[in-house]
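Heads up, the thing below is written out as structure tokens.
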Amino acid sequence: MACSAAAVHYVPCSARSLWRASDDDLYCLGRETREPSPFPMNQPPIAIASSSDHSPDARERVLLDFGEAGPPPRDWDVDGFAFGTHQPEPGERQKAAIAARNQRYAQTGRMTSPRFVIESDYLRVTCAGTYHPTLIAVVLIVDGKDVRSCSPEPGYGFLGYQLHREEIEFFVPPDAADYVFDVRDLRGKRAALEVRDLHRDGYLDRVRIVATNQHPPAGTELITSAASWLPNQFETTIDGDFLLLPVGPLAGTPLQAVTVEIDGVRKLVVDQPLAFGAIATVGYLATYDLTGYRGKKLKVLFHSYGGTEKVPFLVQREIPGRDTSDRAPAFHIHNRIGLLNDPNGLVYHDGDYHLFHQFNYNVSHLDWAHYVSRDLMHWEERPIGISHDALGSMHSGSAAVDLLNTSGWQDGDQPPVILAYTSSQGHGGESGDQIQTQCIAYSTDSGRTFTKYEGNPVLGQDQRFIGPEKNSQNARDPKVFWFSPTQGRDPTAKDGVWVMVLFKGEGHTIYTSPDLRNWEQHGSIQGFHECPELFPLAIDGDPERVKWIIYGAGGRYHIGSFDGTKFAPETVAQIPMFHDGHCYASQTFNNTEAGQGAQPRRIQVAWQGGRKGQISLPNELTLRTTPLGLRLCMLPVKEIKTLYQRSVSLDGLVLQPGQVNPLADLRGGLYDIELEADLSPGTKLLLDVRRQRLAVDCTVAGISLGQSMTVPGSTRLCLRVVVDHTSQDVYFGKHGLYYSPRMTAPTADKSLRIGVKDGSAVFDTCRIRELRSIWDKGSSLM
């Protein structure tokens, strides 16, 4: 019986496929066989566009056109939830028929076509998403074996970051990659197509498959086999303190699971774009702390294309240094490699300040980078503190020391160091499908390594399935501390409880727990977004007058009172913490020594300068009575003096208009500038710092700097400027009433210039200290 393939009609769904829509069509396209099928489908085989038919439709057919906007084709078998389902369960957002990008990262699954008979010369495949040669792939299966495959290079990154671009732009669709399967030698064979996302960090945005007899353009690389992905391993005897993992370019390096074992005990499994074989090493990640394991056997398990490729793992006593040129920060924490955001897990314990921050190199999830300092200025990089896992990405959180061992995790004399963090599946946005739970990790070796609590999550099981309404997915960034109704933030008070302040919905919600495992919800305060903070300060250092400060990531705060379960604001409106400059997600250290008014010393750092930016200079916070009322004030921590190497004092300087620049000899480029002066009304003071101008105006109304910083009724200048290659932190007003954190472009001009116009200035204090870099210039390995 003669029949044209053009007679095929299509299943009416948003994802188009060439499969038959009725039994009549089956006999036009192919013949039922009685042989056992190697495929798990019930449909008989069909044929694709025979080359004997020269109609335009016969030469090129769309077999699959699947994207984020539609459900899977109705006649494809669907396993798992990476591509949505045909019959979603209404209460489970992540199993929706249209799977959003966020949940495709978190879910695994596959779509398998009806079986068919190959009757075309080529299959043209376009796909976009994360790159992995076998786990995230479009595969042609013949006789139960993978015979052709492709995966979307160059790949797709965290928050929709297109990996091949120099600039960082998030939430943009992935670029598609085009491939051609040469199937001329497979004509007449029974086959099936399978679209796979079997990687927990993987994602396929869209897939289009076209059957054609048209030969591809000259120079097109034809795929004639399926990719191989074979077990491989590295073994050595440990003779260093740190395992350094070589990573390849984000674009085009497979994102794969790497397993670390010591004497046969599994210590870590983490997904990273491992450099192996011909893949270039672009940097090293400090992956595991090997302190205490010298002489033991280290084994690293991974995969490679052939199973024999070498990997340049390093086991050594130091972690590589970083860029020490004038283009990079000299005394701010910044990444050697990868992207940076929120500071997390700030805690002081046993003489060490521990600082973690959000870190991303693995292209689809966040980890916590880890630094340690004895003086808040000189920071030592440690291996990754906690890595993403099956519960999701390591999003923001905090740290504390369980001095009373309420958790029961203490082992030996050292109390456990606790990390409270959000595990997040999905990466935000407006789709309402992010799954966020609160988890705990603990350390019994003073914060060198951490173990995740086996009962995680401790909070948020009810948020595993969340609704589509805006902000319903907000439940993250736990700030945890010990609180006593009689002794406040004293971590040794035996009448205390653990407090967690959690960003939830459109504000901060307070929980309490006796043991870090079981949490009870209490009051909330609306109007804050992300990264909550809550702490006490003594007004003007008076221990009898203590108030509490609460704020979110944007840096606007309320002053009020806290009773352990609810915060009561005493300010009418939120007060800005940053002026004419910007930081984000600031957090303060827990378990610090006593400061003003017997309250714990309140030391703050923040995220500054974007994903390729830095962690801000540590500032000490105080609560002061000012001409504006009660205000949170801040100045650089006193430990900045450990960076001083040359000091110039011009105390008593009198500046007049037209005077020669008294700072002309200073050319170091890294400065701590401290100025206190009386200005005559009408005076404009100009301070040029590496081509950045600060202009202070003194008028009858007061003294002002920039657009939003004014001290009313004052002619007294109090100005502090800390200058790095990439930033200038400006503190204006007595006690640092205003803080203006500013990122600046690196410049070869390292000069300082000061002068006045239309008046004079008499300086009680004019001191400039040149600062040194904290980074070792002797190590260049990245």
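Please note that chains go A, B, ... in the order of the structure tokens, that every chain numbers its residues from 1, and that ligands are numbered from 1 in the order shown.
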
Find the nearest atom pair between each residue of region 443-552 of chain A and region 325-344 of chain A for residues within 10 Å, count only C-alpha atoms, give distances in Å to one decimal, sort rows by chain and ascending number, and present the table as a tab-separated table.
residue	atom	partner	partner_atom	distance
A:Asp477	CA	A:Asn344	CA	8.9
A:Pro478	CA	A:Asn344	CA	9.9
A:Lys479	CA	A:Asn344	CA	9.4
A:Cys531	CA	A:Asp342	CA	8.5

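Using only C-alpha atoms, the protein and nucleic acid residues lying no more than 7 Å from region 196-207 of chain A, apart from those fewer than 6 places from it along its own chain, are Asp65, Phe66, Gly67, Glu68, Ala82, Arg104, Tyr105, Ala106, Gln107, Thr108, Gly109, Arg110, Met111, Thr126, Cys127, Ala128, Gly129, Thr130, Leu135, Ile136, Ala137, Val138 and Ser364 of chain A.
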
Handout entry: Shell of 6 Å around region 571-584 of chain A, only C-alpha atoms, local chain residues under 6 positions omitted, as a ChimeraX atom specification
Key = /A:553-559,606-608,739-742

Practice task
Go through A:Arg753, A:Gly321, A:Arg624, A:Leu630 and flag the residue nearest Arg667 (chain A), using only C-alpha atoms for the distances.
Solution key: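 Among the listed residues, the smallest separation from Arg667 (chain A) belongs to A:Arg753.
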
Practice task
Quick one: pick out all helix (DSSP H, G or I) residues within region 469-703 of chain A from a backbone DSSP run and write them as a PyMOL selection string.
Solution key: chain A and resi 596-598+638-643

Practice task
Identify, on the basis of only C-alpha atoms, every residue whose closest approach to Thr444 (chain A) does not exceed 12 Å; exclude the query and any residue fewer than 5 positions from it along the same chain; express the result as a PyMOL selection string.
Solution key: chain A and resi 401-403+405+407-419+449-452

Within 8 Å of region 150-154 of chain A, which residues of region 225-344 of chain A come that close, and what is the closest atom pair and distance in Å for each? Count only C-alpha atoms and give it as a tab-separated table.
residue	atom	partner	partner_atom	distance
A:Ala226	CA	A:Cys150	CA	7.5
A:Ala227	CA	A:Cys150	CA	7.4
A:Leu250	CA	A:Pro154	CA	7.8
A:Ala251	CA	A:Pro154	CA	4.4
A:Gly252	CA	A:Pro154	CA	4.5
A:Thr253	CA	A:Pro154	CA	7.8

Practice task
May I ask for the distance between CA of Ala280 (chain A) and CA of Phe242 (chain A), given in Å to one decimal place?
Solution key: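 Taking CA of Ala280 (chain A) as the start and CA of Phe242 (chain A) as the end point, the length is 21.4 Å.
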
Can you tell me, as a PDB file with N, CA, C and O atoms, in the first residue's frame, what residues are no more than 7 Å from Tyr644 (chain A) when counting only C-alpha atoms, ignoring any on the same chain fewer than 5 positions away?
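Written out: out.pdb:
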ATOM      1  N   ARG A 769      48.092  57.083  57.313  1.00  0.00           N
ATOM      2  CA  ARG A 769      48.891  55.865  57.480  1.00  0.00           C
ATOM      3  C   ARG A 769      48.856  55.090  56.176  1.00  0.00           C
ATOM      4  O   ARG A 769      47.783  54.812  55.638  1.00  0.00           O
ATOM      5  N   GLU A 770      50.034  54.759  55.686  1.00  0.00           N
ATOM      6  CA  GLU A 770      50.105  53.880  54.528  1.00  0.00           C
ATOM      7  C   GLU A 770      49.982  52.443  55.003  1.00  0.00           C
ATOM      8  O   GLU A 770      50.566  52.046  56.022  1.00  0.00           O
ATOM      9  N   LEU A 771      49.211  51.655  54.253  1.00  0.00           N
ATOM     10  CA  LEU A 771      48.871  50.295  54.658  1.00  0.00           C
ATOM     11  C   LEU A 771      49.606  49.280  53.799  1.00  0.00           C
ATOM     12  O   LEU A 771      50.004  49.561  52.670  1.00  0.00           O
ATOM     13  N   ARG A 772      49.744  48.080  54.327  1.00  0.00           N
ATOM     14  CA  ARG A 772      50.388  46.987  53.594  1.00  0.00           C
ATOM     15  C   ARG A 772      49.345  45.985  53.129  1.00  0.00           C
ATOM     16  O   ARG A 772      48.247  45.869  53.698  1.00  0.00           O
TER      17      ARG A 772
END

Against region 754-759 of chain A, which residues of region 628-714 of chain A fall within 10 Å? For each one I want the closest pair of atoms and the distance in Å (one decimal), counting only C-alpha atoms, rows by chain and increasing residue number, as CSV.
residue,atom,partner,partner_atom,distance
A:Leu655,CA,A:Val756,CA,6.6
A:Gln656,CA,A:Val756,CA,6.2
A:Pro657,CA,A:Lys757,CA,5.2
A:Gly658,CA,A:Gly755,CA,7.5
A:Gln659,CA,A:Gly755,CA,7.1
A:Val660,CA,A:Gly755,CA,8.2
A:Asn661,CA,A:Ile754,CA,6.0
A:Pro662,CA,A:Ile754,CA,7.2
A:Leu663,CA,A:Ile754,CA,6.9
A:Ala664,CA,A:Ile754,CA,8.9
A:Leu679,CA,A:Gly759,CA,7.5
A:Ser680,CA,A:Gly759,CA,5.8
A:Pro681,CA,A:Gly759,CA,7.2
A:Gly682,CA,A:Gly759,CA,6.2
A:Thr683,CA,A:Gly759,CA,4.3
A:Lys684,CA,A:Lys757,CA,5.2
A:Leu685,CA,A:Val756,CA,4.5
A:Leu686,CA,A:Gly755,CA,5.3
A:Leu687,CA,A:Ile754,CA,4.6
A:Asp688,CA,A:Ile754,CA,6.4
A:Val689,CA,A:Ile754,CA,8.8
A:Arg693,CA,A:Ile754,CA,9.7
A:Leu694,CA,A:Ile754,CA,9.6
A:Ala695,CA,A:Val756,CA,9.5
A:Val696,CA,A:Val756,CA,9.4
A:Asp697,CA,A:Lys757,CA,9.7
A:Cys698,CA,A:Gly759,CA,9.3

Practice task
Select from region 499-662 of chain A everything DSSP, run on the backbone, classes as strand (DSSP E or B), then give the selection as a PyMOL selection string.
Solution key: chain A and resi 499-504+507-513+520-526+533-539+546-551+556-562+567-569+575-576+584-588+590+594+600+603-608+614-615+619-626+629-636+644-649+654-655

With C-alpha atoms retained, write the just-selected residues as a CSV table (one decimal), in the first residue's frame.
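The new file again36.csv reads:
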chain,number,residue,atom,x,y,z
A,499,VAL,CA,17.1,32.1,69.0
A,500,MET,CA,16.8,31.9,65.2
A,501,VAL,CA,15.8,35.0,63.2
A,502,LEU,CA,14.6,33.8,59.8
A,503,PHE,CA,13.7,35.8,56.7
A,504,LYS,CA,10.3,34.4,55.9
A,507,GLY,CA,9.9,40.0,57.0
A,508,HIS,CA,11.8,38.4,59.8
A,509,THR,CA,10.3,35.6,62.0
A,510,ILE,CA,11.7,34.5,65.4
A,511,TYR,CA,12.0,30.9,66.5
A,512,THR,CA,13.5,29.4,69.7
A,513,SER,CA,15.0,26.0,70.5
A,520,GLU,CA,9.1,26.8,68.0
A,521,GLN,CA,7.8,29.8,66.0
A,522,HIS,CA,7.1,33.1,67.8
A,523,GLY,CA,6.7,36.7,66.7
A,524,SER,CA,7.6,38.4,63.4
A,525,ILE,CA,8.3,41.8,62.1
A,526,GLN,CA,7.5,42.8,58.5
A,533,GLU,CA,20.5,40.5,62.0
A,534,LEU,CA,19.5,41.1,65.7
A,535,PHE,CA,21.8,42.2,68.4
A,536,PRO,CA,22.1,44.5,71.5
A,537,LEU,CA,24.2,47.6,71.9
A,538,ALA,CA,24.6,49.9,75.0
A,539,ILE,CA,23.7,53.5,74.3
A,546,VAL,CA,20.7,48.7,76.2
A,547,LYS,CA,18.7,48.6,73.0
A,548,TRP,CA,18.4,46.0,70.2
A,549,ILE,CA,19.1,46.5,66.5
A,550,ILE,CA,17.3,44.6,63.8
A,551,TYR,CA,18.0,44.8,60.0
A,556,ARG,CA,18.0,49.7,57.0
A,557,TYR,CA,17.4,49.1,60.7
A,558,HIS,CA,15.0,49.6,63.6
A,559,ILE,CA,16.0,50.3,67.2
A,560,GLY,CA,13.9,48.6,69.8
A,561,SER,CA,13.6,46.0,72.5
A,562,PHE,CA,13.8,42.2,72.4
A,567,PHE,CA,11.1,42.4,68.7
A,568,ALA,CA,9.3,45.7,69.5
A,569,PRO,CA,10.5,48.6,67.3
A,575,ILE,CA,17.0,54.1,59.3
A,576,PRO,CA,19.6,53.7,56.5
A,584,TYR,CA,24.6,44.2,51.0
A,585,ALA,CA,23.9,41.3,53.3
A,586,SER,CA,26.0,42.6,56.2
A,587,GLN,CA,26.4,40.3,59.2
A,588,THR,CA,28.1,40.5,62.6
A,590,ASN,CA,28.9,36.0,67.3
A,594,ALA,CA,33.0,42.1,75.7
A,600,PRO,CA,29.5,41.7,73.1
A,603,ILE,CA,31.9,43.6,64.4
A,604,GLN,CA,30.3,43.8,61.0
A,605,VAL,CA,31.3,42.8,57.5
A,606,ALA,CA,29.3,42.9,54.3
A,607,TRP,CA,29.2,42.0,50.6
A,608,GLN,CA,30.7,44.8,48.6
A,614,GLN,CA,35.0,41.6,48.0
A,615,ILE,CA,34.0,41.3,51.6
A,619,ASN,CA,33.7,47.7,61.2
A,620,GLU,CA,32.9,48.0,64.8
A,621,LEU,CA,29.3,49.2,65.6
A,622,THR,CA,28.2,51.4,68.4
A,623,LEU,CA,24.9,53.1,69.3
A,624,ARG,CA,25.3,56.8,69.9
A,625,THR,CA,23.3,59.9,70.8
A,626,THR,CA,23.8,62.2,67.8
A,629,GLY,CA,18.9,61.2,67.5
A,630,LEU,CA,20.0,57.6,68.4
A,631,ARG,CA,22.0,56.2,65.5
A,632,LEU,CA,24.1,53.2,64.7
A,633,CYS,CA,27.6,54.4,64.1
A,634,MET,CA,30.6,52.5,62.8
A,635,LEU,CA,34.3,52.9,62.4
A,636,PRO,CA,37.1,50.5,61.2
A,644,TYR,CA,50.2,50.4,59.3
A,645,GLN,CA,53.7,50.7,57.8
A,646,ARG,CA,54.3,54.4,57.4
A,647,SER,CA,52.5,57.2,59.3
A,648,VAL,CA,52.5,60.9,58.5
A,649,SER,CA,51.1,63.3,61.1
A,654,VAL,CA,46.1,75.2,58.9
A,655,LEU,CA,44.8,75.2,55.3

Exercise for the section: Write out as a ChimeraX atom specification which residues come within 10 Å of Ser423 (chain A) when counting only C-alpha atoms, dropping same-chain ones fewer than 3 positions away. Expected result: /A:366,388-397,420,426,435-440,456-457,460,476-477
